[in-house]
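In what follows, a single structure is set out as structure tokens and then discussed.
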Amino acid sequence: MRGQLTGTFPLAPVEPDLAHHGDAEVGEGLVDLAVNVRRAPMPGWLAEPIMASLADLAAYPDPRPARAAVAARHGRPPAEVLLTAGAAEGFVLLAQALRGVRRPVVVHPQFTEPEAALRAAGHPVERVLLDAADGFRLAPDRIPADADLVMIGNPTNPTSVLHPAADLAALARPGRVLVVDEAFADTTAAPGVPGEPESLAARRDLPGLLVVRSLTKTWGLAGLRIGYLLGEAALLERLAAVQPLWAVGTPALAAASACAGPAAVRAERAIAGQLTADREHLVARLAALPGVRVAGRPASAFVLIHRPGADRVRAELRHRGWAVRRGDTFPGLGPDWLRIAVRDRATTDAFIDTLAEIMEA
């Protein structure tokens with residue numbers, strides 16, 4: 001037949017589903033290793049102000065006390081803090097407020113909401129894909145010099161890589177907005193470092209720096225939706241101009257104030273230390289499995305692994321009662337990658353035993 005095509009042709013690459021998140025992996029009866037939210041009883045110093053705030057729901061939310069508390073924690077004036085309905089809202093505000101950017105760049109693999117928000121607002125997004133063979137480490141010279149918006153996570157979800165603060169700071173320059181997603185910064189710890197290693201949250205000397213923070217991970221507040229942005233007051237004013245009125249509710253504001261206090265910071269550091277030990281146990285158990293490669297040097301509440309046929313392994317894990325996060329929805333990864341949340345040692349050991357059985361079958 002005239003015009004008929006013969007032979008075989010390569011399939012177009014499948015575009016990752018940027019809207020897929022770990023909560024979609026979880027189901028009834030499954031042990032959750034897919035969502036990176038810590039599940040533990042809420043401490044009294046956090047539960048009490050949240051419960052007390054319910055008596056004030058007839059009044060409109062007043063963000064000023066919470067903004068002042070967060071600012072004090074990070075050594076900034078309140079004008080350099082913008083409270084948001086979770087860190088994810090911050091990415092939407094950026095995409096809507098910065099309509100004039102010409103060359104936005106997103107460094108992948110990372111949390112997909114920054115790119116999704118940019119694309120939803122009509123921005124053409126350029127991806128810089130970090131190399132698995134190099135442990136997904138950032139090479140600052142990979143970022144185009146004329147990029148006027150750069151987005152990167154630290155520590156990065158899903159790789160769990162913690163980039164040196166100096167490498168990130170090297171990306172800041174006049175005329176560029178540098179967005180560093182530190183949603184998991186409070187999960188990191190390092191020997192001899194009293195606070196969060198490699199965080200830029202207190203840096204006020206870097207032009208265009210915007211740090212995104214979340215309070216939902218360590219404190220199990222994903223359903224409350226509370227996060228904040230740290231940056232230059234003029235930039236935050238632009239973002240606030242496109243934010244809905246009263247975007248953060250009164251209970252969330254109470255949580256923000258409590259989580260910024262000294263008791264919270266001390267507890268956070270203790271949790272991060274225990275998390276480090278639990279993560280090292282998980283990494284050691286994974287490394288002993290044949291054919292499993294742990295990506296980079298994990299530093300956060302999750303670990304990324306590579307194993308040929310991981311998509312089939314994930315399906316069998318689900319059949320046996322375990323939920324893990326698929327990797328193929330992250331740009332730069334594929335079906336041979338899985339993200340696994342760090343849990344207590346007993347849960348990790350039970351999971352590894354099941355994973356080993358699947359791989360031996």
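Letters for chains follow the order of the structure tokens (A, B, ...), residue numbers begin at 1 for each chain, and ligand numbers begin at 1 in the order shown.
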May I have all residues of stretch 16-62 of chain A that DSSP, computed from the backbone, assigns to helix (DSSP H, G or I), given as a list in words?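 Here is the list: Gly22, Asp23, Ala24, Glu25, Gly44, Trp45, Leu46, Ala47, Glu48, Pro49, Ile50, Met51, Ala52, Ser53, Leu54, Ala55 and Asp56 of chain A.
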Neighbours of stretch 107-124 of chain A within 7 Å (only C-alpha atoms; same-chain residues fewer than 5 positions away dropped), as a VMD selection string? chain A and resid 18 88 91 to 92 95 to 96 129 to 130 151 to 153 156 to 158 330 to 333
Residues of the last selection are to be written out with N, CA and C atoms, as a tab-separated table (two decimals), in the first residue's frame.
chain	number	residue	atom	x	y	z
A	18	LEU	N	4.70	14.02	36.91
A	18	LEU	CA	5.13	14.94	37.96
A	18	LEU	C	4.11	15.06	39.09
A	88	ALA	N	4.77	23.18	49.54
A	88	ALA	CA	4.31	23.10	48.15
A	88	ALA	C	3.67	24.40	47.69
A	91	PHE	N	6.07	26.90	46.02
A	91	PHE	CA	6.44	26.72	44.62
A	91	PHE	C	5.39	27.33	43.69
A	92	VAL	N	4.14	27.22	44.08
A	92	VAL	CA	3.06	27.83	43.28
A	92	VAL	C	3.19	29.35	43.30
A	95	ALA	N	5.98	30.39	40.98
A	95	ALA	CA	5.62	30.26	39.57
A	95	ALA	C	4.68	31.38	39.13
A	96	GLN	N	3.79	31.79	40.02
A	96	GLN	CA	2.81	32.82	39.67
A	96	GLN	C	3.41	34.22	39.73
A	129	LEU	N	20.08	17.38	34.70
A	129	LEU	CA	20.01	16.06	35.32
A	129	LEU	C	21.36	15.70	35.93
A	130	LEU	N	21.36	15.47	37.24
A	130	LEU	CA	22.58	15.05	37.90
A	130	LEU	C	22.85	13.57	37.61
A	151	MET	N	16.20	26.04	40.69
A	151	MET	CA	15.56	25.34	41.79
A	151	MET	C	16.30	24.03	42.07
A	152	ILE	N	16.63	23.81	43.35
A	152	ILE	CA	17.36	22.60	43.74
A	152	ILE	C	16.97	22.24	45.17
A	153	GLY	N	16.97	20.96	45.49
A	153	GLY	CA	16.68	20.51	46.85
A	153	GLY	C	17.95	20.23	47.63
A	156	THR	N	18.26	16.51	48.90
A	156	THR	CA	17.38	16.36	47.75
A	156	THR	C	16.49	15.13	47.88
A	157	ASN	N	15.23	15.33	47.63
A	157	ASN	CA	14.26	14.25	47.51
A	157	ASN	C	14.15	13.92	46.01
A	158	PRO	N	14.44	12.69	45.56
A	158	PRO	CA	14.49	11.44	46.31
A	158	PRO	C	15.89	10.89	46.58
A	330	PHE	N	10.24	10.47	38.74
A	330	PHE	CA	11.22	11.54	38.93
A	330	PHE	C	12.06	11.69	37.66
A	331	PRO	N	12.12	12.88	37.07
A	331	PRO	CA	13.00	13.08	35.92
A	331	PRO	C	14.45	12.71	36.27
A	332	GLY	N	15.07	11.95	35.38
A	332	GLY	CA	16.43	11.52	35.60
A	332	GLY	C	16.56	10.13	36.18
A	333	LEU	N	15.44	9.54	36.63
A	333	LEU	CA	15.47	8.17	37.13
A	333	LEU	C	14.72	7.27	36.15
A:Ala72, A:Ala183, A:Ala133, A:Leu355 ranked by distance to A:Ser160, top pick (using only C-alpha atoms):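 Under the stated criterion, the closest residue is A:Ala183.
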Interatomic distance (Å, one decimal) between atom CA of A:Val70 and atom CA of A:Thr187: 17.5 Å
Minimum-distance residue to A:Leu98, chosen among A:Leu289, A:Glu126, A:Arg213, A:Ala241 (using only C-alpha atoms):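 Selected residue with least distance to A:Leu98: A:Ala241.
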Could you please write out, as a list in words, every residue of stretch 71-143 of chain A that DSSP assigns to strand (DSSP E)?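 Residues of stretch 71-143 of chain A classed as strand (DSSP E): Val81, Leu82, Leu83, Thr84, Pro104, Val105, Val106, Val107, His108, Glu126, Arg127, Val128 and Leu129 of chain A.
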Please compute the atom CA of A:Asp146-atom CA of A:Leu230 distance, one decimal, in Å.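 Atom-to-atom, atom CA of A:Asp146 to atom CA of A:Leu230, that is 23.5 Å.
Taking atom CA of A:Ala68 as the reference point, atom CA of A:Ala256 is found at 10.1 Å.
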Which is closer to A:Ile50 than all the others in A:Ala350, A:Ala145, A:Val180, A:Cys259, using only C-alpha atoms? A:Cys259
Skipping near chain neighbours, those fewer than 3 positions away, what residues fall within 12 Å of A:Ala258 using only C-alpha atoms, listed as a PyMOL selection string? chain A and resi 42-50+53+65-70+73+215+219+226+251-255+261-265+267
Excluding same-chain residues fewer than 6 positions from stretch 357-360 of chain A, what lies within 8 Å of it counting only C-alpha atoms, as a ChimeraX atom specification? /A:313,316-317
